[in-house]
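Student: Coordinates in data.csv, CSV, C-alpha atoms, are listed below.
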```
chain,number,residue,atom,x,y,z
C,25,MET,CA,0.0,0.0,0.0
C,26,LEU,CA,1.3,3.5,-0.9
C,27,ARG,CA,1.9,5.7,2.1
C,28,ARG,CA,0.0,9.0,2.1
C,29,TRP,CA,1.7,12.3,2.6
C,30,ARG,CA,1.3,13.4,6.2
C,31,CYS,CA,0.1,17.0,6.9
C,32,GLY,CA,1.9,18.8,9.7
C,33,LEU,CA,2.1,22.4,10.9
C,34,VAL,CA,2.6,25.7,9.1
C,35,GLY,CA,5.9,27.2,10.1
C,36,LEU,CA,5.3,31.0,10.6
C,37,ASP,CA,8.3,33.3,10.9
C,38,ILE,CA,7.0,36.7,11.9
C,39,GLY,CA,9.8,39.2,11.3
C,40,SER,CA,10.1,42.9,11.5
C,41,SER,CA,9.6,43.4,7.7
C,42,ALA,CA,7.6,40.4,6.6
C,43,VAL,CA,5.8,37.2,7.6
C,44,LYS,CA,7.2,34.0,6.0
C,45,ALA,CA,5.2,30.7,6.0
C,46,ALA,CA,6.2,27.2,5.0
C,47,GLU,CA,4.3,23.9,5.0
C,48,LEU,CA,5.9,20.5,4.4
C,49,ARG,CA,4.6,17.1,3.8
C,50,ARG,CA,6.2,13.8,4.9
C,51,ARG,CA,6.0,10.3,3.6
C,52,GLY,CA,8.3,7.9,5.3
C,53,ARG,CA,11.7,9.7,5.6
C,54,LYS,CA,11.0,11.9,2.6
C,55,TRP,CA,10.0,15.6,3.0
C,56,SER,CA,8.5,17.7,0.3
C,57,LEU,CA,7.6,21.4,0.1
C,58,ALA,CA,3.8,21.9,-0.1
C,59,ALA,CA,3.7,25.7,0.1
C,60,PHE,CA,5.9,28.7,0.8
C,61,GLY,CA,5.0,32.4,0.8
C,62,VAL,CA,5.9,35.8,2.1
C,63,GLU,CA,3.7,38.8,3.1
C,64,GLN,CA,5.4,42.2,3.7
C,65,LEU,CA,4.7,44.1,6.9
C,66,PRO,CA,4.7,47.9,7.2
C,67,PRO,CA,7.5,49.5,9.3
C,68,GLY,CA,6.7,49.4,13.0
C,69,ALA,CA,4.2,46.5,12.9
C,70,VAL,CA,6.8,44.3,14.7
C,71,ASP,CA,9.7,45.9,16.6
C,72,ALA,CA,12.5,43.9,18.2
C,73,GLY,CA,10.3,40.7,18.2
C,74,VAL,CA,7.4,42.6,19.9
C,75,ILE,CA,4.1,42.7,17.9
C,76,ALA,CA,3.3,46.4,18.1
C,77,ASP,CA,0.3,46.3,15.7
C,78,PRO,CA,-1.6,43.1,16.2
C,79,ASP,CA,-4.4,43.9,13.7
C,80,THR,CA,-1.9,44.5,10.9
C,81,VAL,CA,0.1,41.4,11.6
C,82,ALA,CA,-3.1,39.2,11.9
C,83,ALA,CA,-4.4,40.6,8.6
C,84,ALA,CA,-1.0,39.8,6.9
C,85,VAL,CA,-1.1,36.2,8.2
C,86,ARG,CA,-4.7,35.8,6.9
C,87,ARG,CA,-3.7,37.1,3.4
C,88,LEU,CA,-0.7,34.9,3.2
C,89,LEU,CA,-2.4,31.7,4.2
C,90,GLY,CA,-5.4,32.6,2.1
C,91,ARG,CA,-3.7,33.1,-1.2
C,92,THR,CA,-1.1,30.3,-1.1
C,93,ALA,CA,-1.5,26.5,-1.1
C,94,PHE,CA,-1.6,26.1,2.7
C,95,ARG,CA,-3.9,23.4,4.1
C,96,ALA,CA,-2.9,23.2,7.8
C,97,ARG,CA,-4.4,25.8,10.2
C,98,SER,CA,-2.2,24.9,13.1
C,99,ALA,CA,1.2,26.5,13.3
C,100,ALA,CA,4.6,26.5,14.9
C,101,VAL,CA,5.9,30.0,15.5
C,102,ALA,CA,9.2,31.4,16.7
C,103,LEU,CA,9.8,34.1,19.3
C,104,ALA,CA,12.6,36.6,18.7
C,105,GLY,CA,14.3,39.7,19.9
C,106,ASN,CA,13.9,40.9,23.4
C,107,THR,CA,10.9,38.6,23.9
C,108,VAL,CA,13.1,35.5,24.5
C,109,MET,CA,16.4,34.7,26.2
C,110,VAL,CA,18.6,31.6,25.5
C,111,ARG,CA,21.4,30.6,27.9
C,112,ARG,CA,23.8,27.7,28.1
C,113,ILE,CA,24.3,26.6,31.8
C,114,THR,CA,26.3,23.9,33.5
C,115,LEU,CA,24.8,21.8,36.3
C,116,PRO,CA,26.1,18.9,38.4
C,117,ALA,CA,25.1,15.6,36.9
C,118,MET,CA,21.9,14.3,38.4
C,119,ARG,CA,18.9,12.0,37.8
C,120,PRO,CA,16.3,13.3,35.3
C,121,GLU,CA,13.7,13.6,38.1
C,122,GLU,CA,15.9,16.0,39.9
C,123,LEU,CA,16.8,18.1,36.9
C,124,ASP,CA,13.6,20.2,36.7
C,125,GLY,CA,13.9,21.8,40.1
C,126,SER,CA,17.6,22.5,39.6
C,127,VAL,CA,17.1,24.1,36.2
C,128,TYR,CA,14.3,26.3,37.4
C,129,TRP,CA,16.3,27.4,40.4
C,130,GLU,CA,19.4,28.2,38.3
C,131,ALA,CA,17.2,30.1,35.8
C,132,ARG,CA,16.4,32.7,38.4
C,133,GLN,CA,20.1,33.6,38.4
C,134,HIS,CA,20.2,34.2,34.7
C,135,ILE,CA,16.9,35.7,33.5
C,136,PRO,CA,16.5,39.5,33.6
C,137,PHE,CA,12.8,39.3,34.2
C,138,PRO,CA,10.7,38.5,37.3
C,139,ALA,CA,10.3,34.7,37.5
C,140,GLU,CA,6.5,34.9,37.6
C,141,ASP,CA,6.5,36.8,34.3
C,142,VAL,CA,8.5,34.2,32.4
C,143,ALA,CA,7.8,30.8,30.8
C,144,LEU,CA,10.8,28.5,31.0
C,145,ASP,CA,11.9,25.4,29.1
C,146,TYR,CA,15.2,23.7,28.6
C,147,GLN,CA,17.0,21.0,26.6
C,148,VAL,CA,19.8,18.8,27.9
C,149,LEU,CA,22.7,19.1,25.4
C,150,ASN,CA,24.8,16.3,27.1
C,151,THR,CA,24.7,14.6,30.4
C,152,ALA,CA,27.1,12.7,32.6
C,153,ALA,CA,24.4,11.4,34.9
C,154,GLY,CA,25.5,8.3,36.7
C,155,GLU,CA,29.2,9.1,36.5
C,156,PRO,CA,31.4,9.8,39.5
C,157,ASP,CA,30.9,12.9,41.6
C,158,GLY,CA,32.0,16.0,39.9
C,159,ALA,CA,30.5,15.2,36.5
C,160,THR,CA,28.3,17.8,34.9
C,161,CYS,CA,25.6,18.2,32.4
C,162,GLU,CA,25.2,21.0,29.8
C,163,VAL,CA,21.7,22.5,29.6
C,164,LEU,CA,20.3,25.0,27.1
C,165,LEU,CA,17.8,27.2,28.9
C,166,VAL,CA,15.0,29.2,27.2
C,167,ALA,CA,13.1,31.9,28.9
C,168,ALA,CA,10.2,33.8,27.2
C,169,ARG,CA,8.1,36.6,28.6
C,170,ARG,CA,4.5,35.3,29.1
C,171,ASP,CA,3.0,38.5,27.8
C,172,SER,CA,5.0,38.1,24.5
C,173,VAL,CA,3.8,34.4,24.2
C,174,ALA,CA,0.2,35.6,24.8
C,175,ALA,CA,0.6,38.3,22.1
C,176,TYR,CA,1.8,35.8,19.5
C,177,VAL,CA,-0.9,33.3,20.3
C,178,GLY,CA,-3.6,36.1,20.3
C,179,VAL,CA,-2.5,37.5,16.9
C,180,LEU,CA,-2.5,34.1,15.3
C,181,GLU,CA,-5.9,33.2,16.8
C,182,GLN,CA,-7.2,36.4,15.4
C,183,ALA,CA,-5.9,35.2,12.0
C,184,GLY,CA,-7.7,31.9,12.4
C,185,VAL,CA,-4.6,29.9,13.2
C,186,THR,CA,-4.1,27.7,16.2
C,187,VAL,CA,-0.6,27.8,17.8
C,188,ALA,CA,0.6,24.2,18.4
C,189,VAL,CA,4.3,24.9,19.0
C,190,ILE,CA,6.2,28.0,20.2
C,191,ASP,CA,9.9,27.8,19.3
C,192,VAL,CA,13.0,29.9,19.1
C,193,GLY,CA,14.4,31.1,15.7
C,194,ALA,CA,17.9,29.7,16.5
C,195,PHE,CA,16.5,26.2,17.1
C,196,ALA,CA,14.4,26.4,13.9
C,197,LEU,CA,17.5,27.2,11.9
C,198,ARG,CA,19.2,24.2,13.5
C,199,ASN,CA,16.3,22.0,12.3
C,200,ALA,CA,16.5,23.3,8.8
C,201,LEU,CA,20.3,22.6,8.8
C,202,ALA,CA,19.8,19.0,10.0
C,203,LEU,CA,17.2,18.3,7.4
C,204,ASN,CA,19.2,19.6,4.4
C,205,TYR,CA,22.8,18.8,5.3
C,206,ASP,CA,24.9,15.8,6.4
C,207,ILE,CA,26.2,16.9,9.8
C,208,ASP,CA,29.7,15.9,10.9
C,209,PRO,CA,29.4,15.1,14.6
C,210,THR,CA,32.8,16.8,15.2
C,211,ALA,CA,32.1,19.9,13.1
C,212,VAL,CA,31.4,23.4,14.6
C,213,ALA,CA,29.5,25.9,12.4
C,214,ALA,CA,28.0,29.3,12.8
C,215,LEU,CA,24.5,30.1,11.5
C,216,LEU,CA,24.0,33.8,10.7
C,217,ASP,CA,20.4,35.0,10.1
C,218,VAL,CA,20.6,38.5,8.7
C,219,GLY,CA,17.2,40.1,9.0
C,220,ALA,CA,15.8,43.6,8.5
C,221,ALA,CA,16.3,44.8,12.1
C,222,ALA,CA,18.7,42.4,13.7
C,223,VAL,CA,21.2,39.5,13.1
C,224,GLY,CA,20.8,36.2,14.8
C,225,LEU,CA,24.0,34.3,15.4
C,226,THR,CA,24.0,30.7,16.5
C,227,VAL,CA,26.9,28.3,17.0
C,228,VAL,CA,26.2,24.6,16.6
C,229,ALA,CA,28.5,21.6,17.2
C,230,GLY,CA,27.5,18.3,15.8
C,231,GLY,CA,24.1,19.8,15.0
C,232,GLN,CA,23.5,20.8,18.6
C,233,PRO,CA,23.2,24.5,19.5
C,234,LEU,CA,26.0,25.7,21.8
C,235,CYS,CA,25.2,29.4,22.1
C,236,THR,CA,23.1,32.1,20.5
C,237,ARG,CA,23.1,35.9,20.4
C,238,GLU,CA,21.2,38.7,18.6
C,239,LEU,CA,23.2,41.6,17.2
C,240,PRO,CA,21.8,45.1,16.6
C,241,LEU,CA,22.5,45.2,12.9
C,242,GLY,CA,20.5,44.3,9.9
C,243,GLY,CA,19.1,45.4,6.5
C,244,ARG,CA,17.8,48.6,8.0
C,245,THR,CA,21.4,49.5,9.0
C,246,TYR,CA,22.3,49.6,5.3
C,247,VAL,CA,19.2,51.5,4.4
C,248,GLU,CA,19.8,54.1,7.1
C,249,ALA,CA,23.5,54.5,6.1
C,250,LEU,CA,22.5,55.1,2.5
C,251,GLY,CA,20.0,57.6,3.6
C,252,ARG,CA,22.6,59.5,5.6
C,253,GLU,CA,25.4,59.4,3.1
C,254,LEU,CA,23.5,59.6,-0.2
C,255,GLY,CA,20.3,61.4,0.9
C,256,LEU,CA,18.2,58.5,-0.3
C,257,ALA,CA,14.6,57.7,0.8
C,258,ALA,CA,14.3,54.2,2.3
C,259,ALA,CA,12.5,52.8,-0.7
C,260,ASP,CA,15.3,54.0,-3.1
C,261,ALA,CA,18.0,52.7,-0.8
C,262,ARG,CA,16.4,49.2,-0.8
C,263,GLN,CA,16.3,49.3,-4.6
C,264,LEU,CA,20.0,50.1,-4.8
C,265,LEU,CA,20.7,47.3,-2.3
C,266,LEU,CA,18.9,44.9,-4.7
C,267,GLY,CA,21.1,46.0,-7.6
C,268,HIS,CA,18.5,48.3,-9.3
C,269,ARG,CA,18.9,51.9,-10.4
C,270,ALA,CA,17.0,54.3,-8.1
C,271,ALA,CA,16.7,58.1,-7.6
C,272,GLY,CA,19.0,58.7,-10.5
C,273,ARG,CA,21.8,56.7,-9.0
C,274,GLU,CA,23.5,53.5,-10.1
C,275,PRO,CA,24.0,50.5,-7.6
C,276,GLU,CA,27.7,51.0,-7.9
C,277,GLU,CA,27.4,54.4,-6.1
C,278,ALA,CA,26.2,52.6,-3.0
C,279,LEU,CA,29.2,50.3,-2.8
C,280,PRO,CA,31.4,52.4,-0.5
C,281,VAL,CA,28.6,52.8,2.0
C,282,VAL,CA,27.7,49.1,1.8
C,283,GLN,CA,31.3,48.1,2.3
C,284,SER,CA,31.5,50.2,5.4
C,285,VAL,CA,28.5,48.6,6.9
C,286,ASN,CA,29.8,45.2,5.9
C,287,GLY,CA,32.9,46.0,7.9
C,288,SER,CA,30.8,46.8,11.0
C,289,MET,CA,28.9,43.6,10.5
C,290,VAL,CA,32.2,41.6,10.5
C,291,THR,CA,33.4,43.4,13.7
C,292,GLU,CA,30.1,42.6,15.5
C,293,VAL,CA,30.1,38.9,14.5
C,294,ALA,CA,33.8,38.5,15.3
C,295,GLY,CA,33.2,40.1,18.8
C,296,ALA,CA,30.3,37.8,19.5
C,297,LEU,CA,32.3,34.7,18.4
C,298,GLU,CA,35.1,35.7,20.7
C,299,LEU,CA,32.6,35.8,23.6
C,300,PHE,CA,31.4,32.3,22.6
C,301,ARG,CA,34.9,30.9,22.5
C,302,ALA,CA,34.8,29.4,26.0
C,303,ALA,CA,31.8,27.3,25.0
C,304,MET,CA,33.3,26.0,21.7
C,305,PRO,CA,35.5,23.0,21.1
C,306,PRO,CA,39.2,23.9,20.8
C,307,LYS,CA,39.3,23.7,17.0
C,308,GLY,CA,36.8,26.5,16.7
C,309,ILE,CA,34.4,27.3,13.9
C,310,GLY,CA,35.0,25.6,10.5
C,311,SER,CA,32.2,27.2,8.4
C,312,LEU,CA,29.5,29.9,8.4
C,313,LEU,CA,26.1,29.4,6.8
C,314,LEU,CA,24.2,32.6,5.9
C,315,CYS,CA,20.5,33.2,5.6
C,316,GLY,CA,17.9,36.0,6.1
C,317,GLY,CA,16.5,38.5,3.7
C,318,ALA,CA,19.5,40.9,4.0
C,319,SER,CA,22.1,38.1,3.6
C,320,ARG,CA,22.3,38.7,-0.1
C,321,ILE,CA,23.6,42.2,0.2
C,322,GLU,CA,26.5,42.8,-2.1
C,323,GLY,CA,29.8,41.8,-0.7
C,324,LEU,CA,28.6,40.7,2.7
C,325,ALA,CA,29.5,37.0,2.3
C,326,GLY,CA,32.9,37.8,1.0
C,327,ALA,CA,33.6,40.3,3.8
C,328,LEU,CA,32.6,37.7,6.5
C,329,ALA,CA,34.8,35.1,4.8
C,330,ASP,CA,37.8,37.4,4.7
C,331,GLY,CA,37.3,38.9,8.2
C,332,LEU,CA,36.6,35.7,10.0
C,333,GLY,CA,38.8,33.4,8.0
C,334,VAL,CA,36.1,30.7,7.4
C,335,GLY,CA,34.2,29.5,4.4
C,336,VAL,CA,30.8,31.2,4.0
C,337,THR,CA,28.0,29.6,2.1
C,338,PRO,CA,24.2,30.2,1.8
C,339,LEU,CA,22.0,28.0,4.0
C,340,ASP,CA,19.6,26.4,1.5
C,341,PRO,CA,16.5,25.2,3.4
C,342,PHE,CA,15.1,23.7,0.2
C,343,ARG,CA,18.2,21.6,-0.6
C,344,ARG,CA,16.6,18.3,0.1
C,345,LEU,CA,12.9,19.2,-0.4
C,346,GLU,CA,11.0,18.3,-3.5
C,347,PRO,CA,7.9,20.2,-4.6
C,348,LEU,CA,4.8,18.2,-3.6
C,349,ALA,CA,2.9,19.5,-6.6
C,350,ALA,CA,3.3,21.9,-9.4
C,351,ARG,CA,1.6,24.7,-7.5
C,352,SER,CA,4.3,24.8,-4.9
C,353,GLY,CA,6.7,25.7,-7.8
C,354,ARG,CA,10.4,26.1,-8.0
C,355,ARG,CA,12.0,28.2,-5.4
C,356,SER,CA,14.7,30.8,-6.1
C,357,GLU,CA,17.8,31.6,-4.1
C,358,ALA,CA,15.9,34.7,-2.8
C,359,ASP,CA,13.2,32.5,-1.4
C,360,GLY,CA,15.7,30.3,0.2
C,361,SER,CA,17.4,33.2,2.0
C,362,LEU,CA,14.0,34.1,3.6
C,363,ALA,CA,12.7,30.6,4.3
C,364,ALA,CA,15.1,28.9,6.6
C,365,VAL,CA,13.4,29.7,9.9
C,366,ALA,CA,9.9,29.0,8.5
C,367,VAL,CA,11.1,25.6,7.1
C,368,GLY,CA,12.7,24.7,10.4
C,369,LEU,CA,9.4,25.5,12.2
C,370,ALA,CA,7.4,23.5,9.7
C,371,LEU,CA,9.4,20.4,10.8
C,372,ARG,CA,7.9,20.6,14.3
C,373,ARG,CA,4.9,18.5,15.4
C,374,ALA,CA,2.1,19.3,17.7
C,375,GLY,CA,3.0,18.1,21.2
C,376,ASP,CA,6.8,18.7,20.7
C,377,ARG,CA,8.6,20.1,23.7
```
With the file now loaded, output its structure as structure tokens.

Tutor:
Amino acid sequence: MLRRWRCGLVGLDIGSSAVKAAELRRRGRKWSLAAFGVEQLPPGAVDAGVIADPDTVAAAVRRLLGRTAFRARSAAVALAGNTVMVRRITLPAMRPEELDGSVYWEARQHIPFPAEDVALDYQVLNTAAGEPDGATCEVLLVAARRDSVAAYVGVLEQAGVTVAVIDVGAFALRNALALNYDIDPTAVAALLDVGAAAVGLTVVAGGQPLCTRELPLGGRTYVEALGRELGLAAADARQLLLGHRAAGREPEEALPVVQSVNGSMVTEVAGALELFRAAMPPKGIGSLLLCGGASRIEGLAGALADGLGVGVTPLDPFRRLEPLAARSGRRSEADGSLAAVAVGLALRRAGDR
């Protein structure tokens, strides 16, 4: 008997400039892309991960799911920005039934919010339970503000979508990586998600996240710099960044400004990686995978490769996905740069922790 394609969740990545959605189907071990789409958001609708205009965001989600080939009406969504905190902590090795209490006590020492205002979860990265005294276990702690969780759930319910899983963007990227690439258990890689308002940096070892950090740079940094230096409106600056002529200027005229911001980006990423060094294996990072809508800005990949001394390649979230049907269509490199978090979210299942 032929196996039927199994319907899962819609992965919804709500960013500061757009909502991205992906839906996958699974048959056995094979995954296929059922639908992918993007709906732009006006400036200010989402700010630093906080939904500032719920009605506008809900309407954007409704339009996106209504016009594309999405079937599921339950979703996995990622928190971002100041709404969520991820920390790697070390605890003495202990039995699983003892771990909950220790993690939640330790969390109080790390989270910058009142404990009663926060939803906590954690993942054990490795454990030495049962070994002699002095052994430790590494735990990845996630803390999210309850009001932010409620805001995301409320907006999606307003859009007619049930929230089945709430995740973190860094973990969704890890899932997209694991689906599409063969992971060397000894390899250490950096994932860099360059969005409109911020850059998410995650270091993974053997496919497991070691540390994550958000940097205060993004596509808007380039737009604002072009506005200051060349007197361009935001819309014209974006056109130049995409390689199109705008406001009587050629894209080449933007290169000195773009190169300057690229240099700032390299400095920020290098500084964050230096802070992470204590958590990394001695051999350090071997590669960097790049995604996000602003990751295709001219010269950024080359600047990162030269400045960090590592190979830089695009993270392709469609690499091992086949279109389920003709209507899902072929996906461009531009789609891939936007889709990584949404695809990683779509791999989740209702009831996942």

Student: So that I can see what lies close to Leu48 in chain C, please list as a compact mmCIF listing (two decimals) with C-alpha atoms, in the coordinates of the input the residues with an atom at most 9 Å from it, counting only C-alpha atoms and leaving out residues fewer than 6 positions away in the same chain.

Tutor:
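Output file selection_1.txt follows:
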```
# COMPACT_ATOMS: atom_id res chain seq x y z
CA ARG C 30 1.30 13.40 6.20
CA CYS C 31 0.10 17.00 6.90
CA GLY C 32 1.90 18.80 9.70
CA LEU C 33 2.10 22.40 10.90
CA VAL C 34 2.60 25.70 9.10
CA GLY C 35 5.90 27.20 10.10
CA TRP C 55 10.00 15.60 3.00
CA SER C 56 8.50 17.70 0.30
CA LEU C 57 7.60 21.40 0.10
CA ALA C 58 3.80 21.90 -0.10
CA ALA C 59 3.70 25.70 0.10
CA PHE C 60 5.90 28.70 0.80
CA LEU C 345 12.90 19.20 -0.40
CA LEU C 348 4.80 18.20 -3.60
CA VAL C 367 11.10 25.60 7.10
CA ALA C 370 7.40 23.50 9.70
CA LEU C 371 9.40 20.40 10.80
```

Student: Need the shell around Ser284 in chain C: protein/DNA/RNA residues with any atom at most 12 Å away, counting only C-alpha atoms. Skip same-chain ones fewer than 3 positions apart. Format as a PyMOL selection string?

Tutor: chain C and resi 245-246+249-250+253+278-281+287-291+322-324+327

Student: Can you work out the spacing between CA of Leu164 in chain C and CA of Arg112 in chain C in Å, to one decimal?

Tutor: 4.5 Å

Student: For Ala183 in chain C, find every residue with an atom within 6 Å (counting all atoms listed in the file), except residues of its own chain fewer than 3 positions away, and show them as a ChimeraX atom specification.

Tutor: /C:82,86,180

Student: Smallest atom-to-atom distance to Ala174 in chain C: which of C:Arg372, C:Ile190, C:Ala257, C:Glu276, using all atoms listed in the file?

Tutor: C:Ile190

Student: Contacts of Gly61 in chain C at 7 Å or less, counting all atoms listed in the file, minus same-chain residues fewer than 3 places along, as a PyMOL selection string?

Tutor: chain C and resi 44-46+88+92

Student: Out of C:Ala42, C:Leu312, C:Val334, C:Ala325, which residue has the shortest atom-to-atom distance to Asp71 in chain C when counting only C-alpha atoms?

Tutor: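 The closest residue to Asp71 in chain C is C:Ala42.
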
Student: Show which residues sit within 10 Å of range 193-204 of chain C, as JSON, numbers by chain. Count only C-alpha atoms, and ignore same-chain residues fewer than 6 positions away.

Tutor: {"C": [35, 37, 55, 100, 101, 102, 103, 104, 105, 108, 110, 215, 216, 217, 224, 225, 226, 227, 228, 230, 231, 232, 233, 235, 236, 237, 238, 313, 315, 339, 340, 341, 342, 343, 344, 345, 363, 364, 365, 366, 367, 368, 369, 370, 371, 372]}
